[in-house]
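Trainee: What follows is the file data_9.cif, containing mmCIF, C-alpha atoms:
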```cif
data_protein
#
loop_
_atom_site.label_atom_id
_atom_site.label_comp_id
_atom_site.auth_asym_id
_atom_site.auth_seq_id
_atom_site.Cartn_x
_atom_site.Cartn_y
_atom_site.Cartn_z
CA MET H 1 -17.22 -3.36 18.21
CA VAL H 2 -14.14 -1.76 16.66
CA ASN H 3 -12.65 1.00 18.81
CA PHE H 4 -10.43 3.58 17.12
CA SER H 5 -10.87 6.23 19.82
CA ALA H 6 -7.52 5.60 21.51
CA THR H 7 -5.68 6.28 18.27
CA LEU H 8 -7.83 9.22 17.16
CA GLN H 9 -7.41 11.01 20.50
CA ASN H 10 -3.98 12.02 19.22
CA ARG H 11 -4.47 15.49 17.65
CA ASN H 12 -1.60 15.17 15.17
CA PHE H 13 -2.80 11.76 14.06
CA ARG H 14 -6.36 13.09 13.54
CA ILE H 15 -5.09 15.87 11.25
CA PHE H 16 -2.88 13.42 9.38
CA PHE H 17 -5.82 11.02 9.11
CA ILE H 18 -8.05 13.67 7.48
CA GLY H 19 -5.37 14.64 5.00
CA GLN H 20 -4.70 11.03 4.11
CA GLY H 21 -8.41 10.47 3.53
CA LEU H 22 -8.47 13.15 0.83
CA SER H 23 -5.18 11.92 -0.61
CA ASN H 24 -6.39 8.33 -0.86
CA VAL H 25 -9.70 9.24 -2.53
CA GLY H 26 -7.94 11.46 -5.07
CA ASN H 27 -5.21 8.91 -5.75
CA MET H 28 -7.74 6.13 -6.35
CA MET H 29 -9.62 8.40 -8.77
CA LYS H 30 -6.35 9.03 -10.59
CA GLN H 31 -5.49 5.33 -10.79
CA ILE H 32 -8.86 4.43 -12.28
CA ALA H 33 -8.70 7.32 -14.73
CA ILE H 34 -5.14 6.64 -15.86
CA GLY H 35 -5.80 2.92 -16.29
CA TRP H 36 -8.88 3.62 -18.38
CA LEU H 37 -7.11 6.34 -20.39
CA ALA H 38 -4.08 4.11 -21.09
CA TYR H 39 -6.27 1.25 -22.34
CA LYS H 40 -8.41 3.66 -24.39
CA LEU H 41 -5.33 5.14 -26.07
CA THR H 42 -3.60 1.83 -26.80
CA ASP H 43 -6.28 -0.91 -26.81
CA SER H 44 -3.48 -3.20 -25.56
CA ALA H 45 -3.11 -5.05 -22.26
CA PHE H 46 0.65 -5.10 -22.80
CA LEU H 47 0.93 -1.31 -23.22
CA LEU H 48 -1.40 -0.82 -20.26
CA GLY H 49 1.06 -2.96 -18.31
CA VAL H 50 3.94 -0.80 -19.58
CA VAL H 51 2.28 2.37 -18.24
CA MET H 52 1.80 0.79 -14.83
CA PHE H 53 5.25 -0.83 -15.03
CA THR H 54 6.88 2.59 -15.42
CA ARG H 55 5.37 4.02 -12.25
CA GLU H 56 6.32 1.04 -10.09
CA LEU H 57 9.78 0.70 -11.66
CA PHE H 58 10.84 4.20 -10.67
CA ALA H 59 9.28 3.88 -7.22
CA PHE H 60 11.28 0.66 -6.87
CA LEU H 61 14.53 2.36 -7.91
CA ILE H 62 14.23 5.30 -5.50
CA SER H 63 12.77 3.55 -2.43
CA PRO H 64 16.08 2.26 -0.91
CA PHE H 65 17.46 5.82 -0.90
CA ALA H 66 14.16 7.09 0.51
CA GLY H 67 14.51 4.88 3.57
CA VAL H 68 17.93 6.27 4.41
CA VAL H 69 16.64 9.82 3.87
CA ALA H 70 13.60 9.14 6.09
CA ASP H 71 15.90 7.89 8.88
CA ARG H 72 18.13 10.97 8.55
CA LEU H 73 15.73 13.87 7.93
CA ASN H 74 12.54 15.36 9.35
CA LYS H 75 9.78 13.04 8.08
CA TYR H 76 7.11 15.73 8.38
CA GLN H 77 8.99 18.17 6.14
CA LEU H 78 9.76 15.38 3.69
CA ILE H 79 6.06 14.48 3.42
CA LEU H 80 5.15 18.14 2.75
CA TRP H 81 7.68 18.44 -0.08
CA ALA H 82 6.60 15.10 -1.56
CA ASN H 83 2.94 16.17 -1.62
CA LEU H 84 3.89 19.45 -3.29
CA ALA H 85 5.74 17.50 -5.98
CA LEU H 86 2.72 15.20 -6.42
CA LEU H 87 0.54 18.30 -6.89
CA VAL H 88 2.73 19.65 -9.71
CA ASN H 89 2.93 16.23 -11.39
CA THR H 90 -0.82 15.58 -11.23
CA ALA H 91 -1.78 19.09 -12.34
CA LEU H 92 0.49 18.73 -15.39
CA LEU H 93 -1.09 15.39 -16.29
CA GLY H 94 -4.59 16.89 -15.95
CA TRP H 95 -3.72 19.97 -18.02
CA LEU H 96 -2.27 17.87 -20.86
CA THR H 97 -5.21 15.47 -20.84
CA VAL H 98 -7.88 18.19 -20.82
CA GLY H 99 -6.05 20.05 -23.59
CA ALA H 100 -5.86 16.86 -25.72
CA GLY H 101 -2.08 17.05 -25.63
CA ILE H 102 -1.55 13.75 -23.82
CA SER H 103 0.15 10.84 -25.56
CA LEU H 104 1.39 7.44 -24.50
CA GLU H 105 4.97 8.71 -24.40
CA LEU H 106 4.11 11.73 -22.22
CA MET H 107 2.00 9.55 -19.94
CA ILE H 108 4.94 7.20 -19.41
CA VAL H 109 7.28 10.10 -18.54
CA ILE H 110 4.78 11.61 -16.09
CA GLN H 111 4.20 8.19 -14.54
CA ALA H 112 7.94 7.74 -14.12
CA VAL H 113 8.19 11.02 -12.18
CA PHE H 114 5.11 10.10 -10.15
CA GLY H 115 6.80 6.80 -9.27
CA LEU H 116 9.95 8.60 -8.07
CA ILE H 117 7.92 10.87 -5.81
CA SER H 118 5.80 8.00 -4.48
CA GLY H 119 8.91 5.95 -3.78
CA VAL H 120 10.00 8.69 -1.36
CA GLU H 121 6.58 9.55 0.08
CA ILE H 122 5.21 6.09 0.88
CA PRO H 123 7.97 4.73 3.19
CA THR H 124 8.35 8.16 4.82
CA ARG H 125 4.60 8.31 5.48
CA GLN H 126 4.51 4.80 6.95
CA ALA H 127 7.44 5.54 9.27
CA PHE H 128 5.79 8.87 10.18
CA VAL H 129 2.67 7.03 11.38
CA ASN H 130 4.87 5.14 13.84
CA ASP H 131 6.23 8.47 15.12
CA LEU H 132 2.72 9.88 15.58
CA VAL H 133 1.46 6.89 17.60
CA GLU H 134 2.64 7.67 21.13
CA LYS H 135 1.45 4.40 22.71
CA LYS H 136 2.99 1.56 20.74
CA GLU H 137 0.31 -0.89 21.88
CA ASN H 138 -1.99 1.12 19.58
CA LEU H 139 0.24 0.58 16.53
CA THR H 140 -1.79 -2.32 15.10
CA ASN H 141 -4.95 -0.28 15.66
CA ALA H 142 -3.41 2.73 13.88
CA ILE H 143 -2.23 0.65 10.91
CA ALA H 144 -5.65 -1.03 10.69
CA LEU H 145 -7.30 2.41 10.88
CA ASN H 146 -5.08 3.66 8.05
CA SER H 147 -5.91 0.52 6.10
CA THR H 148 -9.63 1.10 6.70
CA LEU H 149 -9.23 4.68 5.48
CA PHE H 150 -7.30 3.59 2.40
CA ASN H 151 -9.82 0.92 1.51
CA SER H 152 -12.76 3.24 2.12
CA ALA H 153 -11.11 5.39 -0.54
CA ARG H 154 -11.02 2.28 -2.75
CA ILE H 155 -14.81 2.38 -2.63
CA VAL H 156 -15.36 6.13 -2.93
CA GLY H 157 -12.53 6.99 -5.36
CA PRO H 158 -13.24 4.42 -8.10
CA SER H 159 -17.00 5.02 -7.87
CA LEU H 160 -16.45 8.76 -8.27
CA ALA H 161 -14.07 8.20 -11.18
CA GLY H 162 -16.54 5.84 -12.89
CA ILE H 163 -19.31 8.43 -12.54
CA LEU H 164 -17.19 11.47 -13.47
CA ILE H 165 -15.19 10.14 -16.45
CA PRO H 166 -18.20 10.29 -18.85
CA PHE H 167 -18.82 13.92 -17.81
CA VAL H 168 -15.44 15.55 -17.08
CA GLY H 169 -13.15 13.01 -18.69
CA GLU H 170 -9.98 11.46 -17.31
CA GLY H 171 -8.30 14.88 -17.22
CA GLY H 172 -11.02 16.23 -14.95
CA CYS H 173 -10.33 13.43 -12.46
CA PHE H 174 -6.63 14.30 -12.47
CA LEU H 175 -7.38 17.98 -11.77
CA ILE H 176 -9.73 17.08 -8.91
CA TYR H 177 -6.91 15.06 -7.33
CA ALA H 178 -4.59 18.06 -7.75
CA PHE H 179 -7.15 20.23 -5.94
CA PHE H 180 -7.29 17.69 -3.11
CA LEU H 181 -3.51 17.91 -2.79
CA VAL H 182 -3.75 21.68 -2.33
CA ILE H 183 -6.20 21.13 0.55
CA ILE H 184 -3.92 18.46 2.05
CA LEU H 185 -0.93 20.80 2.09
CA VAL H 186 -3.04 23.37 3.95
CA ILE H 187 -4.36 20.80 6.47
CA PHE H 188 -0.89 19.42 7.22
CA GLN H 189 0.28 22.89 8.30
CA PHE H 190 -1.72 22.35 11.52
CA ILE H 191 0.34 19.31 12.56
CA LYS H 192 2.60 20.17 15.50
CA TYR H 193 5.41 17.68 15.12
CA LYS H 194 8.64 17.61 17.02
CA ALA H 195 11.07 15.43 15.15
CA PRO H 196 13.10 12.94 17.22
CA THR H 197 16.68 14.01 17.82
CA PRO H 198 18.63 12.54 14.91
CA GLN H 199 21.48 10.24 15.79
CA SER H 200 24.91 11.31 14.62
CA ARG H 201 25.75 9.38 11.48
CA LYS H 202 29.24 9.06 10.13
CA SER H 203 28.48 6.47 7.49
CA SER H 204 27.51 7.25 3.91
CA VAL H 205 24.07 6.76 2.35
CA ALA H 206 25.32 3.72 0.43
CA THR H 207 26.70 2.19 3.63
CA GLU H 208 23.42 2.70 5.46
CA MET H 209 21.48 1.17 2.57
CA LYS H 210 23.77 -1.85 2.73
CA GLU H 211 23.32 -2.06 6.51
CA GLY H 212 19.54 -2.03 6.08
CA MET H 213 19.66 -4.87 3.55
CA GLN H 214 22.02 -6.90 5.75
CA TYR H 215 19.80 -6.30 8.76
CA VAL H 216 16.78 -7.75 6.95
CA PHE H 217 18.72 -10.64 5.44
CA GLN H 218 20.29 -11.65 8.77
CA HIS H 219 16.95 -11.75 10.65
CA PRO H 220 14.93 -14.85 9.68
CA PRO H 221 11.53 -13.38 10.74
CA LEU H 222 12.02 -10.27 8.61
CA ARG H 223 13.41 -12.34 5.75
CA VAL H 224 10.32 -14.57 5.68
CA LEU H 225 7.99 -11.56 5.71
CA PHE H 226 9.87 -9.97 2.81
CA VAL H 227 9.78 -13.13 0.69
CA MET H 228 6.05 -13.44 1.32
CA VAL H 229 5.44 -9.86 0.19
CA LEU H 230 7.56 -10.44 -2.91
CA LEU H 231 5.67 -13.55 -4.05
CA VAL H 232 2.14 -12.46 -3.15
CA THR H 233 2.65 -9.10 -4.84
CA PHE H 234 4.27 -10.60 -7.96
CA PHE H 235 1.53 -13.17 -8.53
CA GLY H 236 -1.52 -11.51 -7.03
CA ILE H 237 -1.62 -7.73 -7.32
CA SER H 238 -1.50 -7.53 -11.13
CA TYR H 239 -5.15 -8.58 -11.45
CA GLU H 240 -6.09 -4.97 -10.65
CA MET H 241 -4.07 -3.70 -13.60
CA LEU H 242 -6.05 -6.05 -15.89
CA LEU H 243 -9.49 -4.98 -14.65
CA PRO H 244 -10.04 -2.54 -17.59
CA VAL H 245 -9.44 -5.46 -19.97
CA ILE H 246 -11.87 -7.72 -18.06
CA VAL H 247 -14.52 -4.97 -17.98
CA SER H 248 -14.21 -4.38 -21.72
CA GLU H 249 -13.73 -7.93 -23.02
CA VAL H 250 -15.57 -10.16 -20.52
CA PHE H 251 -18.38 -7.92 -19.25
CA ASP H 252 -18.58 -5.58 -22.29
CA LYS H 253 -19.06 -2.56 -20.01
CA GLY H 254 -17.59 0.92 -19.51
CA PRO H 255 -15.70 2.90 -16.82
CA ALA H 256 -18.60 2.84 -14.33
CA VAL H 257 -18.36 -0.96 -13.98
CA PHE H 258 -14.57 -0.65 -13.72
CA GLY H 259 -15.19 1.64 -10.75
CA TYR H 260 -17.71 -0.78 -9.20
CA LEU H 261 -15.29 -3.71 -9.37
CA THR H 262 -12.52 -1.70 -7.75
CA SER H 263 -14.98 -0.49 -5.10
CA ALA H 264 -15.91 -4.11 -4.30
CA ILE H 265 -12.23 -4.80 -3.57
CA GLY H 266 -12.19 -1.75 -1.30
CA ALA H 267 -15.33 -2.84 0.57
CA GLY H 268 -13.83 -6.26 1.24
CA SER H 269 -10.60 -4.65 2.32
CA ILE H 270 -12.45 -2.58 4.91
CA ALA H 271 -13.98 -5.76 6.32
CA GLY H 272 -10.52 -7.31 6.61
CA ALA H 273 -9.05 -4.19 8.22
CA LEU H 274 -11.86 -3.98 10.77
CA PHE H 275 -11.27 -7.62 11.65
CA LEU H 276 -7.71 -6.72 12.64
CA ALA H 277 -8.41 -3.33 14.19
CA ASN H 278 -9.03 -4.37 17.80
CA ARG H 279 -5.92 -6.49 18.18
CA LYS H 280 -3.78 -5.29 21.08
CA ASP H 281 -0.74 -7.50 20.52
CA LEU H 282 1.12 -9.36 17.81
CA GLY H 283 0.10 -12.86 18.90
CA GLY H 284 -1.49 -14.89 16.11
CA LEU H 285 -0.61 -12.49 13.28
CA GLU H 286 1.50 -15.18 11.64
CA GLN H 287 -1.63 -17.35 11.26
CA ILE H 288 -3.55 -14.40 9.85
CA LEU H 289 -0.83 -14.04 7.20
CA GLN H 290 -1.54 -17.59 6.01
CA TRP H 291 -5.32 -17.14 6.05
CA GLY H 292 -4.98 -13.88 4.17
CA ILE H 293 -2.92 -15.44 1.37
CA ALA H 294 -5.37 -18.36 1.04
CA VAL H 295 -8.46 -16.15 0.85
CA PHE H 296 -6.79 -13.70 -1.53
CA GLY H 297 -5.39 -16.36 -3.88
CA LEU H 298 -8.58 -18.43 -4.07
CA GLY H 299 -10.62 -15.28 -4.59
CA ILE H 300 -8.51 -14.26 -7.60
CA ILE H 301 -8.85 -17.74 -9.12
CA LEU H 302 -12.65 -17.68 -8.75
CA PHE H 303 -12.82 -14.17 -10.22
CA ALA H 304 -10.91 -15.35 -13.28
CA LEU H 305 -13.43 -18.17 -13.78
CA THR H 306 -16.65 -16.13 -13.65
CA SER H 307 -18.41 -14.10 -16.35
CA HIS H 308 -21.31 -13.00 -14.10
CA LEU H 309 -20.94 -9.41 -12.90
CA LEU H 310 -22.76 -9.74 -9.55
CA LEU H 311 -20.82 -12.88 -8.68
CA ALA H 312 -17.59 -11.13 -9.68
CA LEU H 313 -18.40 -8.26 -7.30
CA LEU H 314 -18.97 -10.69 -4.43
CA ILE H 315 -15.76 -12.60 -5.17
CA LEU H 316 -13.69 -9.41 -5.31
CA PHE H 317 -15.16 -8.40 -1.95
CA VAL H 318 -13.83 -11.64 -0.43
CA ALA H 319 -10.47 -11.35 -2.22
CA GLY H 320 -10.10 -7.77 -0.97
CA SER H 321 -10.61 -8.89 2.64
CA GLY H 322 -7.90 -11.54 2.28
CA ARG H 323 -5.50 -9.11 0.66
CA VAL H 324 -5.75 -6.50 3.41
CA MET H 325 -5.50 -9.12 6.15
CA PHE H 326 -2.21 -10.27 4.67
CA PHE H 327 -0.66 -6.85 4.01
CA THR H 328 -1.83 -5.25 7.28
CA ALA H 329 -0.51 -8.17 9.34
CA ASN H 330 2.77 -8.13 7.40
CA ASN H 331 3.21 -4.36 7.76
CA THR H 332 2.45 -4.48 11.49
CA LEU H 333 4.98 -7.25 12.05
CA LEU H 334 7.69 -5.49 10.04
CA GLN H 335 7.26 -2.24 11.98
CA SER H 336 7.13 -4.05 15.32
CA LEU H 337 10.08 -6.39 14.75
CA ALA H 338 12.42 -3.78 13.22
CA GLU H 339 14.66 -1.71 15.48
CA GLN H 340 13.68 1.97 15.68
CA ASP H 341 16.83 3.39 14.07
CA LYS H 342 16.42 1.00 11.12
CA ARG H 343 12.65 1.18 10.69
CA GLY H 344 12.74 3.73 7.88
CA ARG H 345 15.19 1.60 5.91
CA VAL H 346 13.21 -1.60 6.56
CA LEU H 347 10.01 0.07 5.34
CA SER H 348 11.75 1.51 2.30
CA LEU H 349 13.07 -1.95 1.43
CA TYR H 350 9.52 -3.24 1.92
CA ILE H 351 8.24 -0.65 -0.57
CA MET H 352 11.11 -1.51 -2.92
CA VAL H 353 10.21 -5.21 -2.82
CA PHE H 354 6.51 -4.42 -3.21
CA MET H 355 7.03 -2.04 -6.13
CA GLY H 356 9.62 -4.23 -7.81
CA SER H 357 7.40 -7.30 -7.60
CA LYS H 358 4.39 -5.33 -8.78
CA THR H 359 6.41 -3.87 -11.65
CA LEU H 360 7.53 -7.25 -12.96
CA GLY H 361 4.12 -8.80 -12.25
CA ASN H 362 2.31 -6.09 -14.22
CA LEU H 363 4.63 -6.48 -17.19
CA LEU H 364 4.44 -10.29 -17.15
CA MET H 365 0.67 -10.43 -16.68
CA GLY H 366 0.10 -7.77 -19.34
CA THR H 367 2.18 -9.78 -21.82
CA LEU H 368 0.45 -13.04 -20.84
CA ALA H 369 -2.98 -11.39 -21.14
CA ASP H 370 -2.23 -10.29 -24.72
CA TYR H 371 -1.37 -13.86 -25.70
CA ALA H 372 -3.60 -16.08 -23.54
CA GLY H 373 -6.31 -13.70 -22.33
CA ALA H 374 -6.72 -11.63 -19.17
CA SER H 375 -8.75 -14.29 -17.35
CA TRP H 376 -6.00 -16.88 -17.79
CA ALA H 377 -3.35 -14.44 -16.57
CA ILE H 378 -5.37 -13.56 -13.47
CA GLY H 379 -6.15 -17.21 -12.69
CA LEU H 380 -2.49 -18.24 -12.90
CA GLY H 381 -1.57 -15.35 -10.63
CA GLY H 382 -4.06 -16.54 -8.00
CA LEU H 383 -2.65 -20.06 -8.24
CA GLY H 384 0.85 -18.66 -7.70
CA CYS H 385 -0.35 -16.92 -4.50
CA CYS H 386 -1.81 -20.13 -3.10
CA VAL H 387 1.32 -22.18 -3.87
CA SER H 388 3.52 -19.48 -2.30
CA GLY H 389 1.47 -19.57 0.89
CA LEU H 390 1.76 -23.34 1.13
CA LEU H 391 5.53 -23.32 0.58
CA LEU H 392 6.31 -20.49 3.00
CA GLY H 393 3.85 -21.41 5.74
CA PRO H 394 6.27 -23.66 7.67
CA TYR H 395 8.87 -20.86 7.85
CA LEU H 396 6.48 -18.62 9.80
CA VAL H 397 7.64 -20.42 12.95
CA HIS H 398 10.52 -17.88 13.01
CA VAL H 399 7.99 -15.05 13.11
CA GLY H 400 6.04 -16.73 15.92
CA ASP H 401 9.22 -17.22 17.96
CA GLU H 402 10.13 -13.55 17.58
CA ILE H 403 6.64 -12.44 18.63
CA ARG H 404 6.85 -14.54 21.80
CA LYS H 405 10.32 -13.14 22.52
CA LEU H 406 9.01 -9.57 22.21
CA LYS H 407 6.07 -10.37 24.49
CA ILE H 408 8.39 -11.73 27.18
CA GLU H 409 10.60 -8.64 26.94
CA ALA H 410 7.54 -6.36 27.16
CA ASP H 411 6.20 -8.26 30.18
CA ASN H 412 9.58 -8.07 31.93
CA ALA H 413 9.82 -4.34 31.23
CA ARG H 414 6.35 -3.82 32.67
CA LEU H 415 7.22 -5.83 35.79
CA LEU H 416 10.34 -3.70 36.26
CA GLU H 417 8.27 -0.55 35.83
CA ILE H 418 5.75 -1.75 38.45
CA GLN H 419 8.60 -2.62 40.83
CA GLU H 420 10.11 0.85 40.43
CA GLU H 421 6.72 2.45 41.09
CA THR H 422 6.30 0.29 44.19
CA ASP H 423 9.77 1.16 45.49
CA ALA H 424 8.95 4.85 45.08
CA ILE H 425 5.99 4.63 47.46
CA PRO H 426 7.03 5.95 50.93
#
```
Reformat the file's structure so that it appears as structure tokens.
Mentor:
Amino acid sequence: MVNFSATLQNRNFRIFFIGQGLSNVGNMMKQIAIGWLAYKLTDSAFLLGVVMFTRELFAFLISPFAGVVADRLNKYQLILWANLALLVNTALLGWLTVGAGISLELMIVIQAVFGLISGVEIPTRQAFVNDLVEKKENLTNAIALNSTLFNSARIVGPSLAGILIPFVGEGGCFLIYAFFLVIILVIFQFIKYKAPTPQSRKSSVATEMKEGMQYVFQHPPLRVLFVMVLLVTFFGISYEMLLPVIVSEVFDKGPAVFGYLTSAIGAGSIAGALFLANRKDLGGLEQILQWGIAVFGLGIILFALTSHLLLALLILFVAGSGRVMFFTANNTLLQSLAEQDKRGRVLSLYIMVFMGSKTLGNLLMGTLADYAGASWAIGLGGLGCCVSGLLLGPYLVHVGDEIRKLKIEADNARLLEIQEETDAIP
């Protein structure tokens, strides 16, 4: 039985959780709608990849600066401003689409701005979750809860988009997301957040960015986790970008089936997140990383080989569970192993690596799909995931050693605390 009560007892986290639920549903609707619209306008897997490439490229470029900003400024205020910017961006996209004034060029520009905003918002939001969780033993539970929420939205959002696109069009989906963002900004006003006292910083932004990169590079456990994220994202995540092509060319279906396939990924992701939700410590997460890569990679390969819709839904369910096991375990380890004053920069570098790998992967897989077919591109990506897991598996010993070191330090701190409590008894 999964128990989220300890995390949800925190009032601020509950409010944040509700807002994020709306945000995730709306964002997933937008992603489905923009992917379908881009393919409908261009009829090209390559140009679809370019649209997605633009968003991730600009998120990649801004994310290192975002980490320094998140470490320096009030994360709560930064999240509010980022959501306001997302509202303006999404409302503009919806207005242009409904008014038939959208074009490929305008879509690329709007996606570029969306990427810049997301590159600031995502690492700030992830670091903010750590601030909201008062008891750090609940951090894995909180991250798993957020993952469950996100992947629930992967079921609801795509299904809604698939149902609504024939009736309100892609522009209607964008405007619904904009309305959700208005509600989110109102909800977040009820969060009572006292920002930690910022440390005095004499170094420049560029210096702090460099320090963050050096910190990751000089710590073998963090370095291994980053390389894993880079390879799994580059080879594996691009299959989602190619789903409109698979739906159209392999299954000969419309946006509703596109939504169902994405929802199957979300359902599997919930199963994977719930599997991790009750973990109270970091022990064994390095093994879960390996299992997650194997399940995810093999799932993608099998999906590329099938032309049966029901079987494809089942396979994507399994692949989704492997994906979330890997990324949740990796995210938890990064946040736990990074020092507090560098956590924002570590997470921003994580987003930079994720977005950069996804950007290049989308462009490469889109190009490969135009020449060899989407199924071949997806299958080769899954094979790349599996090979990456096999090659990097032995290096996870560094992560295991660091986990055991942290456990010993935590146990010693608890013993000291007990001793001090005992000494205080008259």
Trainee: Residues near range 59-65 of chain H, anyone? I mean within 9 Å using all atoms listed in the file, not counting same-chain ones fewer than 3 positions away, as a PyMOL selection string.
Mentor: chain H and resi 54-56+68-70+112-123+205-206+209+212+345-357+359
Trainee: Please list as a list in words every residue within 7 Å of range 30-32 of chain H, counting all atoms listed in the file and excluding residues in the same chain fewer than 2 positions away.
Mentor: Gly26, Asn27, Met28, Ile34, Gly35, Trp36, Pro158, Ala161, Cys173, Phe174 and Tyr177 of chain H
Trainee: Ranking H:Lys342, H:Arg154, H:Lys210, H:His219 by minimum distance to Gly268 in chain H and counting only C-alpha atoms, which one comes first?
Mentor: H:Arg154
Trainee: For this file, the PyMOL selection byres ((chain H and resi 389-398) around 7) selects which residues, as a short mmCIF file (atom, residue, chain, number, x, y, z; two decimals) with C-alpha atoms, in the coordinates of the input?
Mentor:
```
data_model
loop_
_atom_site.label_atom_id
_atom_site.label_comp_id
_atom_site.auth_asym_id
_atom_site.auth_seq_id
_atom_site.Cartn_x
_atom_site.Cartn_y
_atom_site.Cartn_z
CA PRO H 220 14.93 -14.85 9.68
CA PRO H 221 11.53 -13.38 10.74
CA VAL H 224 10.32 -14.57 5.68
CA GLU H 286 1.50 -15.18 11.64
CA GLN H 290 -1.54 -17.59 6.01
CA ILE H 293 -2.92 -15.44 1.37
CA ALA H 294 -5.37 -18.36 1.04
CA CYS H 385 -0.35 -16.92 -4.50
CA CYS H 386 -1.81 -20.13 -3.10
CA VAL H 387 1.32 -22.18 -3.87
CA SER H 388 3.52 -19.48 -2.30
CA VAL H 399 7.99 -15.05 13.11
CA GLY H 400 6.04 -16.73 15.92
CA ASP H 401 9.22 -17.22 17.96
CA GLU H 402 10.13 -13.55 17.58
#
```
Trainee: Would you mind telling me which residue in H:Gln126, H:Gln189, H:Ser152, H:Asn89 lies nearest to Ile15 in chain H when using only C-alpha atoms?
Mentor: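 Of the candidates, the smallest distance to Ile15 in chain H is held by H:Gln189.
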Trainee: Show me as JSON, numbers by chain the residues that reach within 8 Å of (-2.5, -1.9, -15.2), counting all atoms listed in the file and using the file's own coordinates.
Mentor: {"H": [35, 45, 48, 49, 50, 51, 52, 53, 238, 240, 241, 242, 243, 244, 362, 366]}
Trainee: So the first atom is CA of Ala312 in chain H and the second is CA of Gly157 in chain H; what is the distance between them in Å, to one decimal place?
Mentor: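 Answer for the CA of Ala312 in chain H to CA of Gly157 in chain H separation: 19.3 Å.
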Trainee: Run the PyMOL selection byres ((chain H and resi 258) around 9) against the file shown and list the residues it catches, as a count of residues only.
Mentor: 20
Trainee: Point out the residue among H:Leu132, H:Leu164, H:Leu93, H:Val318 with the least atom-to-atom distance to Lys194 in chain H, counting all atoms listed in the file.
Mentor: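 Closest to Lys194 in chain H, using all atoms listed in the file: H:Leu132.
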Trainee: Record the distance separating CA of Phe190 in chain H and CA of Phe13 in chain H, expressed in Å with one decimal.
Mentor: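 According to the coordinates, CA of Phe190 in chain H and CA of Phe13 in chain H are separated by 10.9 Å.
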Trainee: Is there a way to get, as a PyMOL selection string, all residues within 12 Å of the point (-15.8, -14.5, -12.9) in file coordinates, counting only C-alpha atoms?
Mentor: chain H and resi 243+246-247+250-251+261+299-316+374-376+378-379
Trainee: From the set H:Ala142, H:Ala66, H:Leu149, H:Leu80, which residue has the shortest atom-to-atom contact distance to Val182 in chain H, counting all atoms listed in the file?
Mentor: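 Smallest distance to Val182 in chain H is found for H:Leu80.
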Trainee: Interatomic distance between CA of Thr207 in chain H and CA of Leu337 in chain H?
Mentor: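 Separating CA of Thr207 in chain H from CA of Leu337 in chain H is a distance of 21.8 Å.
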Trainee: When you count all atoms listed in the file, which of these residues is closest to Leu285 in chain H: H:Ile265, H:Leu334, H:Ile270, H:Val168?
Mentor: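 When distances to Leu285 in chain H are compared using all atoms listed in the file, the smallest one comes from H:Leu334.
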Trainee: Could you check which of H:Asn10, H:Thr233, H:Thr332, H:Ser321 is closest to Leu360 in chain H, using only C-alpha atoms?
Mentor: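 Going through H:Asn10, H:Thr233, H:Thr332, H:Ser321 one by one, the smallest distance to Leu360 in chain H is for H:Thr233.
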Trainee: Under the PyMOL selection byres ((chain H and resi 96-108) around 8), which residues of this model are included? Write them out as a list in words.
Mentor: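 When the PyMOL selection byres ((chain H and resi 96-108) around 8) is applied to the shown file, the picked residues are Ala38, Leu41, Thr42, Val51, Thr54, Arg55, Leu92, Leu93, Gly94, Trp95, Val109, Ile110, Gln111, Ala112, Gly169, Glu170, Gly171 and Gly172 of chain H.
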Trainee: Would you pick out the contacts of Gly384 in chain H at 9 Å or less, using all atoms listed in the file, so that residues sharing its chain but fewer than 5 positions from it are not included, and give the list as a ChimeraX atom specification?
Mentor: /H:231-232,234-236,297,379,389
Trainee: Save the residues we just selected, C-alpha atoms, as an mmCIF file, in the coordinates of the input?
Mentor:
```
data_model
loop_
_atom_site.group_PDB
_atom_site.id
_atom_site.type_symbol
_atom_site.label_atom_id
_atom_site.label_comp_id
_atom_site.auth_asym_id
_atom_site.auth_seq_id
_atom_site.Cartn_x
_atom_site.Cartn_y
_atom_site.Cartn_z
ATOM 1 C CA LEU H 231 5.670 -13.550 -4.050
ATOM 2 C CA VAL H 232 2.140 -12.460 -3.150
ATOM 3 C CA PHE H 234 4.270 -10.600 -7.960
ATOM 4 C CA PHE H 235 1.530 -13.170 -8.530
ATOM 5 C CA GLY H 236 -1.520 -11.510 -7.030
ATOM 6 C CA GLY H 297 -5.390 -16.360 -3.880
ATOM 7 C CA GLY H 379 -6.150 -17.210 -12.690
ATOM 8 C CA GLY H 389 1.470 -19.570 0.890
#
```
